[in-house]
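Structure, as structure tokens:
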Amino acid sequence: MSSAGGGSSLQVHAVRFGPGQELLGSLQEFVVERRLRAPFIITCVGSVTKATLRLANATATNTNEMIHLSGRFEIVSLVGTLNPDAHLHICLSDFEGKTVGGHVMGDLEVFTTAEVVIGEAVDLQFTREMDDGTGFPELVVKPRSQSKDN
């Protein structure tokens with residue numbers, strides 16, 4: 001299944017999270033509080049002391065290809081969509097500049113800061129539906145309905 005997206009106006013939100021906050025959960029709370037319907041990460045810089053990532057080998061039948069990181073890491077990239085079932089990928093660098101990345105599962109504990117700029121496609125709505133071809137819930141892009149709660 002693929003979903004045809006359309007053009008949209010853009011609204012930009014900026015937020016900073018502090019030491020000890022869990023980044024994925026904090027981003028999801030921000031999205032709910034602001035009632036964002038088609039949010040995505042524009043940019044993020046900061047640092048974390050923990051991360052749980054699913055690696056590229058994971059499949060719908062073998063989702064246990066994960067790593068749990070602990071230490072001080074710079075966020076060198078964070079990308080993805082932030083609908084209720086967020087799909088984020090992150091790249092982190094360690095004290096030697098070596099990088100590791102993967103699908104964000106959570107446990108992203110902010111070390112000093114996480115400065116995030118979030119975009120919202122204000123004319124669209126992001127949802128996820130199970131895709132029989134991949135075995136994962138995949139992004140579905142729809143025009144935003146004109147109902148009163150939008």
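If you're wondering about the labels, chains in the structure tokens are A, B, ... by order shown, residues count from 1 in each chain, ligands from 1 in order shown.
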Exercise. Residues at most 8 Å from Leu92 in chain A, counting only C-alpha atoms, excluding those fewer than 5 positions away in the same chain, as a list in words?
Worked result: Phe73, Glu74, Ile75, Val76, Ser77, Thr99, Val100 and Gly101 of chain A
Could you write out the selected residues, including N, CA, C and O atoms, as a JSON list (two decimals), in the first residue's frame?
[["chain", "number", "residue", "atom", "x", "y", "z"],
["A", 73, "PHE", "N", 26.43, 10.62, 24.39],
["A", 73, "PHE", "CA", 26.35, 10.62, 22.93],
["A", 73, "PHE", "C", 25.80, 11.94, 22.44],
["A", 73, "PHE", "O", 24.84, 12.47, 23.00],
["A", 74, "GLU", "N", 26.39, 12.46, 21.37],
["A", 74, "GLU", "CA", 25.84, 13.62, 20.68],
["A", 74, "GLU", "C", 24.79, 13.15, 19.68],
["A", 74, "GLU", "O", 25.00, 12.14, 18.98],
["A", 75, "ILE", "N", 23.68, 13.86, 19.59],
["A", 75, "ILE", "CA", 22.70, 13.59, 18.55],
["A", 75, "ILE", "C", 23.19, 14.31, 17.30],
["A", 75, "ILE", "O", 23.25, 15.53, 17.27],
["A", 76, "VAL", "N", 23.57, 13.54, 16.28],
["A", 76, "VAL", "CA", 24.04, 14.16, 15.04],
["A", 76, "VAL", "C", 22.95, 14.16, 13.97],
["A", 76, "VAL", "O", 23.06, 14.87, 12.98],
["A", 77, "SER", "N", 21.89, 13.38, 14.21],
["A", 77, "SER", "CA", 20.75, 13.40, 13.31],
["A", 77, "SER", "C", 19.56, 12.76, 14.00],
["A", 77, "SER", "O", 19.71, 11.77, 14.71],
["A", 99, "THR", "N", 29.98, 6.70, 15.08],
["A", 99, "THR", "CA", 28.53, 6.83, 15.04],
["A", 99, "THR", "C", 27.83, 5.47, 15.03],
["A", 99, "THR", "O", 28.37, 4.47, 14.60],
["A", 100, "VAL", "N", 26.61, 5.51, 15.53],
["A", 100, "VAL", "CA", 25.71, 4.37, 15.51],
["A", 100, "VAL", "C", 24.31, 4.92, 15.29],
["A", 100, "VAL", "O", 24.01, 6.04, 15.70],
["A", 101, "GLY", "N", 23.50, 4.17, 14.60],
["A", 101, "GLY", "CA", 22.15, 4.66, 14.35],
["A", 101, "GLY", "C", 21.16, 3.54, 14.22],
["A", 101, "GLY", "O", 21.53, 2.37, 14.11]]
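One finds CA of Phe136 in chain A at 28.3 Å from CA of Val45 in chain A.
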Problem set entry | Per-residue DSSP, range 48-122 of chain A, filtered to strand (DSSP E or B), as a ChimeraX atom specification | /A:48-54,66-81,87-93,99-121
For the residues in the current selection, export C-alpha atoms as a PDB file, in the first residue's frame.
ATOM      1  CA  VAL A  48      21.730  11.696  25.404  1.00  0.00           C
ATOM      2  CA  THR A  49      23.059   9.294  28.022  1.00  0.00           C
ATOM      3  CA  LYS A  50      20.940   6.307  26.975  1.00  0.00           C
ATOM      4  CA  ALA A  51      19.221   4.990  23.871  1.00  0.00           C
ATOM      5  CA  THR A  52      17.398   1.874  22.733  1.00  0.00           C
ATOM      6  CA  LEU A  53      17.558   1.355  18.971  1.00  0.00           C
ATOM      7  CA  ARG A  54      16.196  -1.303  16.636  1.00  0.00           C
ATOM      8  CA  MET A  66      18.111  -4.083  19.267  1.00  0.00           C
ATOM      9  CA  ILE A  67      20.947  -2.368  21.039  1.00  0.00           C
ATOM     10  CA  HIS A  68      20.853  -0.585  24.383  1.00  0.00           C
ATOM     11  CA  LEU A  69      23.383   2.234  24.620  1.00  0.00           C
ATOM     12  CA  SER A  70      24.658   3.855  27.776  1.00  0.00           C
ATOM     13  CA  GLY A  71      27.177   6.697  27.914  1.00  0.00           C
ATOM     14  CA  ARG A  72      27.412  10.205  26.539  1.00  0.00           C
ATOM     15  CA  PHE A  73      26.354  10.617  22.932  1.00  0.00           C
ATOM     16  CA  GLU A  74      25.840  13.624  20.681  1.00  0.00           C
ATOM     17  CA  ILE A  75      22.696  13.593  18.552  1.00  0.00           C
ATOM     18  CA  VAL A  76      24.040  14.158  15.043  1.00  0.00           C
ATOM     19  CA  SER A  77      20.752  13.400  13.308  1.00  0.00           C
ATOM     20  CA  LEU A  78      17.121  12.743  14.226  1.00  0.00           C
ATOM     21  CA  VAL A  79      14.595  12.294  11.429  1.00  0.00           C
ATOM     22  CA  GLY A  80      11.085  10.969  10.993  1.00  0.00           C
ATOM     23  CA  THR A  81       7.379  11.420  11.551  1.00  0.00           C
ATOM     24  CA  HIS A  87       8.728   6.540  13.217  1.00  0.00           C
ATOM     25  CA  LEU A  88      12.065   8.102  14.103  1.00  0.00           C
ATOM     26  CA  HIS A  89      15.632   7.214  13.176  1.00  0.00           C
ATOM     27  CA  ILE A  90      18.599   8.619  15.053  1.00  0.00           C
ATOM     28  CA  CYS A  91      22.344   8.807  14.547  1.00  0.00           C
ATOM     29  CA  LEU A  92      24.509   9.238  17.649  1.00  0.00           C
ATOM     30  CA  SER A  93      28.247   9.857  17.998  1.00  0.00           C
ATOM     31  CA  THR A  99      28.531   6.826  15.039  1.00  0.00           C
ATOM     32  CA  VAL A 100      25.714   4.368  15.505  1.00  0.00           C
ATOM     33  CA  GLY A 101      22.151   4.660  14.353  1.00  0.00           C
ATOM     34  CA  GLY A 102      18.832   2.954  14.102  1.00  0.00           C
ATOM     35  CA  HIS A 103      15.089   3.070  14.666  1.00  0.00           C
ATOM     36  CA  VAL A 104      14.246   4.851  17.939  1.00  0.00           C
ATOM     37  CA  MET A 105      12.544   2.488  20.386  1.00  0.00           C
ATOM     38  CA  GLY A 106      12.764   4.884  23.345  1.00  0.00           C
ATOM     39  CA  ASP A 107      14.911   5.303  26.427  1.00  0.00           C
ATOM     40  CA  LEU A 108      16.485   8.444  24.925  1.00  0.00           C
ATOM     41  CA  GLU A 109      17.526  10.157  28.129  1.00  0.00           C
ATOM     42  CA  VAL A 110      18.631  13.758  27.508  1.00  0.00           C
ATOM     43  CA  PHE A 111      22.099  14.547  28.871  1.00  0.00           C
ATOM     44  CA  THR A 112      22.391  18.339  28.600  1.00  0.00           C
ATOM     45  CA  THR A 113      19.821  19.450  26.048  1.00  0.00           C
ATOM     46  CA  ALA A 114      17.776  18.436  23.042  1.00  0.00           C
ATOM     47  CA  GLU A 115      16.806  21.342  20.814  1.00  0.00           C
ATOM     48  CA  VAL A 116      14.153  20.211  18.372  1.00  0.00           C
ATOM     49  CA  VAL A 117      12.458  22.006  15.501  1.00  0.00           C
ATOM     50  CA  ILE A 118       9.225  20.279  14.489  1.00  0.00           C
ATOM     51  CA  GLY A 119       7.339  20.922  11.284  1.00  0.00           C
ATOM     52  CA  GLU A 120       3.669  20.256  10.729  1.00  0.00           C
ATOM     53  CA  ALA A 121       2.078  19.790   7.336  1.00  0.00           C
TER      54      ALA A 121
END
For this session: From a DSSP calculation on the backbone, collect every residue of chain A in alpha helix (DSSP H) and output the set as a PyMOL selection string.
Result: chain A and resi 23-34
Would you save the residues of that selection, restricted to all heavy atoms, as a short mmCIF file (atom, residue, chain, number, x, y, z; two decimals), in the first residue's frame?
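File produced: out_31.cif:
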data_model
loop_
_atom_site.label_atom_id
_atom_site.label_comp_id
_atom_site.auth_asym_id
_atom_site.auth_seq_id
_atom_site.Cartn_x
_atom_site.Cartn_y
_atom_site.Cartn_z
N LEU A 23 13.38 11.69 25.50
CA LEU A 23 13.11 12.48 24.30
C LEU A 23 11.91 11.99 23.50
O LEU A 23 11.06 12.79 23.12
CB LEU A 23 14.37 12.54 23.43
CG LEU A 23 14.30 13.44 22.20
CD1 LEU A 23 13.89 14.87 22.57
CD2 LEU A 23 15.63 13.44 21.47
N LEU A 24 11.80 10.69 23.23
CA LEU A 24 10.69 10.20 22.43
C LEU A 24 9.35 10.50 23.10
O LEU A 24 8.44 11.05 22.49
CB LEU A 24 10.83 8.70 22.16
CG LEU A 24 9.67 8.05 21.39
CD1 LEU A 24 9.46 8.70 20.03
CD2 LEU A 24 9.91 6.55 21.25
N GLY A 25 9.22 10.15 24.36
CA GLY A 25 7.98 10.41 25.09
C GLY A 25 7.67 11.88 25.19
O GLY A 25 6.51 12.30 25.06
N SER A 26 8.70 12.70 25.40
CA SER A 26 8.50 14.16 25.48
C SER A 26 8.02 14.72 24.16
O SER A 26 7.15 15.61 24.13
CB SER A 26 9.80 14.84 25.92
OG SER A 26 10.17 14.43 27.21
N LEU A 27 8.57 14.23 23.05
CA LEU A 27 8.11 14.67 21.73
C LEU A 27 6.67 14.26 21.50
O LEU A 27 5.86 15.05 21.00
CB LEU A 27 9.01 14.09 20.63
CG LEU A 27 10.38 14.72 20.49
CD1 LEU A 27 11.28 13.88 19.61
CD2 LEU A 27 10.27 16.14 19.95
N GLN A 28 6.31 13.04 21.88
CA GLN A 28 4.94 12.57 21.69
C GLN A 28 3.97 13.39 22.55
O GLN A 28 2.88 13.73 22.10
CB GLN A 28 4.84 11.08 21.99
CG GLN A 28 5.52 10.26 20.90
CD GLN A 28 5.60 8.79 21.22
OE1 GLN A 28 5.96 8.40 22.33
NE2 GLN A 28 5.27 7.96 20.25
N GLU A 29 4.35 13.74 23.77
CA GLU A 29 3.52 14.60 24.62
C GLU A 29 3.34 15.98 23.98
O GLU A 29 2.24 16.54 24.00
CB GLU A 29 4.14 14.76 26.00
CG GLU A 29 4.02 13.54 26.87
CD GLU A 29 4.76 13.69 28.20
OE1 GLU A 29 5.02 14.85 28.61
OE2 GLU A 29 5.07 12.65 28.81
N PHE A 30 4.41 16.53 23.43
CA PHE A 30 4.35 17.83 22.76
C PHE A 30 3.35 17.79 21.61
O PHE A 30 2.53 18.70 21.44
CB PHE A 30 5.74 18.23 22.26
CG PHE A 30 5.81 19.57 21.62
CD1 PHE A 30 5.98 20.71 22.38
CD2 PHE A 30 5.71 19.71 20.23
CE1 PHE A 30 6.04 21.97 21.78
CE2 PHE A 30 5.76 20.95 19.62
CZ PHE A 30 5.93 22.09 20.41
N VAL A 31 3.40 16.73 20.82
CA VAL A 31 2.50 16.57 19.68
C VAL A 31 1.04 16.52 20.16
O VAL A 31 0.17 17.16 19.57
CB VAL A 31 2.87 15.31 18.87
CG1 VAL A 31 1.77 14.91 17.92
CG2 VAL A 31 4.18 15.55 18.12
N VAL A 32 0.78 15.79 21.23
CA VAL A 32 -0.58 15.69 21.76
C VAL A 32 -1.05 17.04 22.31
O VAL A 32 -2.16 17.49 22.01
CB VAL A 32 -0.67 14.60 22.85
CG1 VAL A 32 -1.99 14.67 23.60
CG2 VAL A 32 -0.47 13.22 22.24
N GLU A 33 -0.19 17.70 23.09
CA GLU A 33 -0.55 19.00 23.68
C GLU A 33 -0.88 20.03 22.60
O GLU A 33 -1.81 20.82 22.75
CB GLU A 33 0.59 19.52 24.56
CG GLU A 33 0.75 18.78 25.85
CD GLU A 33 2.03 19.17 26.59
OE1 GLU A 33 2.75 20.10 26.13
OE2 GLU A 33 2.32 18.55 27.62
N ARG A 34 -0.10 20.04 21.53
CA ARG A 34 -0.31 21.01 20.46
C ARG A 34 -1.32 20.55 19.41
O ARG A 34 -1.60 21.27 18.47
CB ARG A 34 1.03 21.32 19.76
CG ARG A 34 2.07 21.95 20.65
CD ARG A 34 1.71 23.38 21.01
NE ARG A 34 2.67 23.95 21.93
CZ ARG A 34 3.62 24.81 21.59
NH1 ARG A 34 3.75 25.20 20.34
NH2 ARG A 34 4.43 25.29 22.50
#
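We find CA of Leu124 in chain A and CA of Leu10 in chain A to be spaced 10.0 Å apart.
Closest approach to Leu139 in chain A among A:Ile42, A:Ala86, A:Ala56, A:Val12: A:Ala86, based on only C-alpha atoms.
The gap separating CA of Phe17 in chain A from CA of Pro84 in chain A is 19.1 Å, in Å to one decimal.
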Problem set entry | Shell of 12 Å around Thr127 in chain A, only C-alpha atoms, local chain residues under 5 positions omitted, as a list in words | Ser3, Gly5, Leu36, Arg37, Ala38, Pro39, Thr81, Leu82, Asn83, Pro84, Asp85, Ala86, His87, Pro137, Glu138, Leu139, Val140, Val141, Lys142, Pro143 and Arg144 of chain A
Could the residues in this selection be written to a file with N, CA, C and O atoms, as a PDB file, in the first residue's frame?
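And here's again_34.pdb as it stands now:
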ATOM      1  N   SER A   3       0.553   5.617   0.013  1.00  0.00           N
ATOM      2  CA  SER A   3      -0.437   6.674   0.145  1.00  0.00           C
ATOM      3  C   SER A   3       0.063   7.895  -0.592  1.00  0.00           C
ATOM      4  O   SER A   3       1.223   8.255  -0.505  1.00  0.00           O
ATOM      5  N   GLY A   5       0.460  11.533  -1.037  1.00  0.00           N
ATOM      6  CA  GLY A   5       0.430  12.750  -0.236  1.00  0.00           C
ATOM      7  C   GLY A   5       0.145  13.930  -1.144  1.00  0.00           C
ATOM      8  O   GLY A   5       0.079  13.797  -2.360  1.00  0.00           O
ATOM      9  N   LEU A  36      -1.032  18.323  17.039  1.00  0.00           N
ATOM     10  CA  LEU A  36      -0.435  18.274  15.711  1.00  0.00           C
ATOM     11  C   LEU A  36      -0.889  17.002  15.005  1.00  0.00           C
ATOM     12  O   LEU A  36      -0.883  15.924  15.596  1.00  0.00           O
ATOM     13  N   ARG A  37      -1.291  17.110  13.753  1.00  0.00           N
ATOM     14  CA  ARG A  37      -1.837  15.969  13.019  1.00  0.00           C
ATOM     15  C   ARG A  37      -0.892  15.389  11.973  1.00  0.00           C
ATOM     16  O   ARG A  37      -1.068  14.253  11.558  1.00  0.00           O
ATOM     17  N   ALA A  38       0.091  16.168  11.533  1.00  0.00           N
ATOM     18  CA  ALA A  38       1.051  15.678  10.543  1.00  0.00           C
ATOM     19  C   ALA A  38       2.438  16.233  10.877  1.00  0.00           C
ATOM     20  O   ALA A  38       3.041  16.960  10.104  1.00  0.00           O
ATOM     21  N   PRO A  39       2.949  15.878  12.077  1.00  0.00           N
ATOM     22  CA  PRO A  39       4.230  16.428  12.522  1.00  0.00           C
ATOM     23  C   PRO A  39       5.425  15.592  12.072  1.00  0.00           C
ATOM     24  O   PRO A  39       5.327  14.375  11.887  1.00  0.00           O
ATOM     25  N   THR A  81       8.719  10.905  11.323  1.00  0.00           N
ATOM     26  CA  THR A  81       7.379  11.420  11.551  1.00  0.00           C
ATOM     27  C   THR A  81       6.978  11.175  12.996  1.00  0.00           C
ATOM     28  O   THR A  81       7.433  10.232  13.630  1.00  0.00           O
ATOM     29  N   LEU A  82       6.096  12.036  13.503  1.00  0.00           N
ATOM     30  CA  LEU A  82       5.753  12.031  14.926  1.00  0.00           C
ATOM     31  C   LEU A  82       4.274  11.797  15.195  1.00  0.00           C
ATOM     32  O   LEU A  82       3.773  12.248  16.206  1.00  0.00           O
ATOM     33  N   ASN A  83       3.571  11.104  14.311  1.00  0.00           N
ATOM     34  CA  ASN A  83       2.188  10.772  14.630  1.00  0.00           C
ATOM     35  C   ASN A  83       2.200   9.835  15.841  1.00  0.00           C
ATOM     36  O   ASN A  83       3.269   9.454  16.301  1.00  0.00           O
ATOM     37  N   PRO A  84       1.033   9.447  16.393  1.00  0.00           N
ATOM     38  CA  PRO A  84       1.053   8.666  17.641  1.00  0.00           C
ATOM     39  C   PRO A  84       1.986   7.450  17.619  1.00  0.00           C
ATOM     40  O   PRO A  84       2.595   7.120  18.635  1.00  0.00           O
ATOM     41  N   ASP A  85       2.099   6.773  16.487  1.00  0.00           N
ATOM     42  CA  ASP A  85       3.085   5.698  16.366  1.00  0.00           C
ATOM     43  C   ASP A  85       4.295   6.277  15.643  1.00  0.00           C
ATOM     44  O   ASP A  85       4.522   5.997  14.467  1.00  0.00           O
ATOM     45  N   ALA A  86       5.068   7.074  16.358  1.00  0.00           N
ATOM     46  CA  ALA A  86       6.194   7.789  15.761  1.00  0.00           C
ATOM     47  C   ALA A  86       7.147   6.839  15.053  1.00  0.00           C
ATOM     48  O   ALA A  86       7.357   5.708  15.486  1.00  0.00           O
ATOM     49  N   HIS A  87       7.712   7.302  13.954  1.00  0.00           N
ATOM     50  CA  HIS A  87       8.728   6.540  13.217  1.00  0.00           C
ATOM     51  C   HIS A  87       9.950   7.436  13.104  1.00  0.00           C
ATOM     52  O   HIS A  87      10.033   8.280  12.211  1.00  0.00           O
ATOM     53  N   PRO A 137       3.399  -1.416  10.693  1.00  0.00           N
ATOM     54  CA  PRO A 137       2.467  -0.307  10.447  1.00  0.00           C
ATOM     55  C   PRO A 137       3.211   0.772   9.658  1.00  0.00           C
ATOM     56  O   PRO A 137       4.261   1.238  10.101  1.00  0.00           O
ATOM     57  N   GLU A 138       2.690   1.127   8.502  1.00  0.00           N
ATOM     58  CA  GLU A 138       3.372   2.092   7.634  1.00  0.00           C
ATOM     59  C   GLU A 138       2.572   3.385   7.527  1.00  0.00           C
ATOM     60  O   GLU A 138       1.361   3.416   7.757  1.00  0.00           O
ATOM     61  N   LEU A 139       3.258   4.449   7.161  1.00  0.00           N
ATOM     62  CA  LEU A 139       2.674   5.781   7.076  1.00  0.00           C
ATOM     63  C   LEU A 139       1.579   5.846   6.019  1.00  0.00           C
ATOM     64  O   LEU A 139       1.752   5.368   4.898  1.00  0.00           O
ATOM     65  N   VAL A 140       0.467   6.472   6.398  1.00  0.00           N
ATOM     66  CA  VAL A 140      -0.610   6.785   5.466  1.00  0.00           C
ATOM     67  C   VAL A 140      -0.813   8.297   5.557  1.00  0.00           C
ATOM     68  O   VAL A 140      -0.999   8.846   6.648  1.00  0.00           O
ATOM     69  N   VAL A 141      -0.751   8.962   4.419  1.00  0.00           N
ATOM     70  CA  VAL A 141      -0.900  10.414   4.350  1.00  0.00           C
ATOM     71  C   VAL A 141      -2.248  10.724   3.729  1.00  0.00           C
ATOM     72  O   VAL A 141      -2.554  10.251   2.633  1.00  0.00           O
ATOM     73  N   LYS A 142      -3.060  11.505   4.445  1.00  0.00           N
ATOM     74  CA  LYS A 142      -4.386  11.869   3.952  1.00  0.00           C
ATOM     75  C   LYS A 142      -4.575  13.372   4.065  1.00  0.00           C
ATOM     76  O   LYS A 142      -3.964  14.011   4.926  1.00  0.00           O
ATOM     77  N   PRO A 143      -5.437  13.925   3.224  1.00  0.00           N
ATOM     78  CA  PRO A 143      -5.796  15.334   3.425  1.00  0.00           C
ATOM     79  C   PRO A 143      -6.485  15.475   4.778  1.00  0.00           C
ATOM     80  O   PRO A 143      -7.216  14.574   5.189  1.00  0.00           O
ATOM     81  N   ARG A 144      -6.239  16.563   5.478  1.00  0.00           N
ATOM     82  CA  ARG A 144      -6.867  16.777   6.780  1.00  0.00           C
ATOM     83  C   ARG A 144      -8.357  17.016   6.583  1.00  0.00           C
ATOM     84  O   ARG A 144      -8.750  17.794   5.730  1.00  0.00           O
TER      85      ARG A 144
END
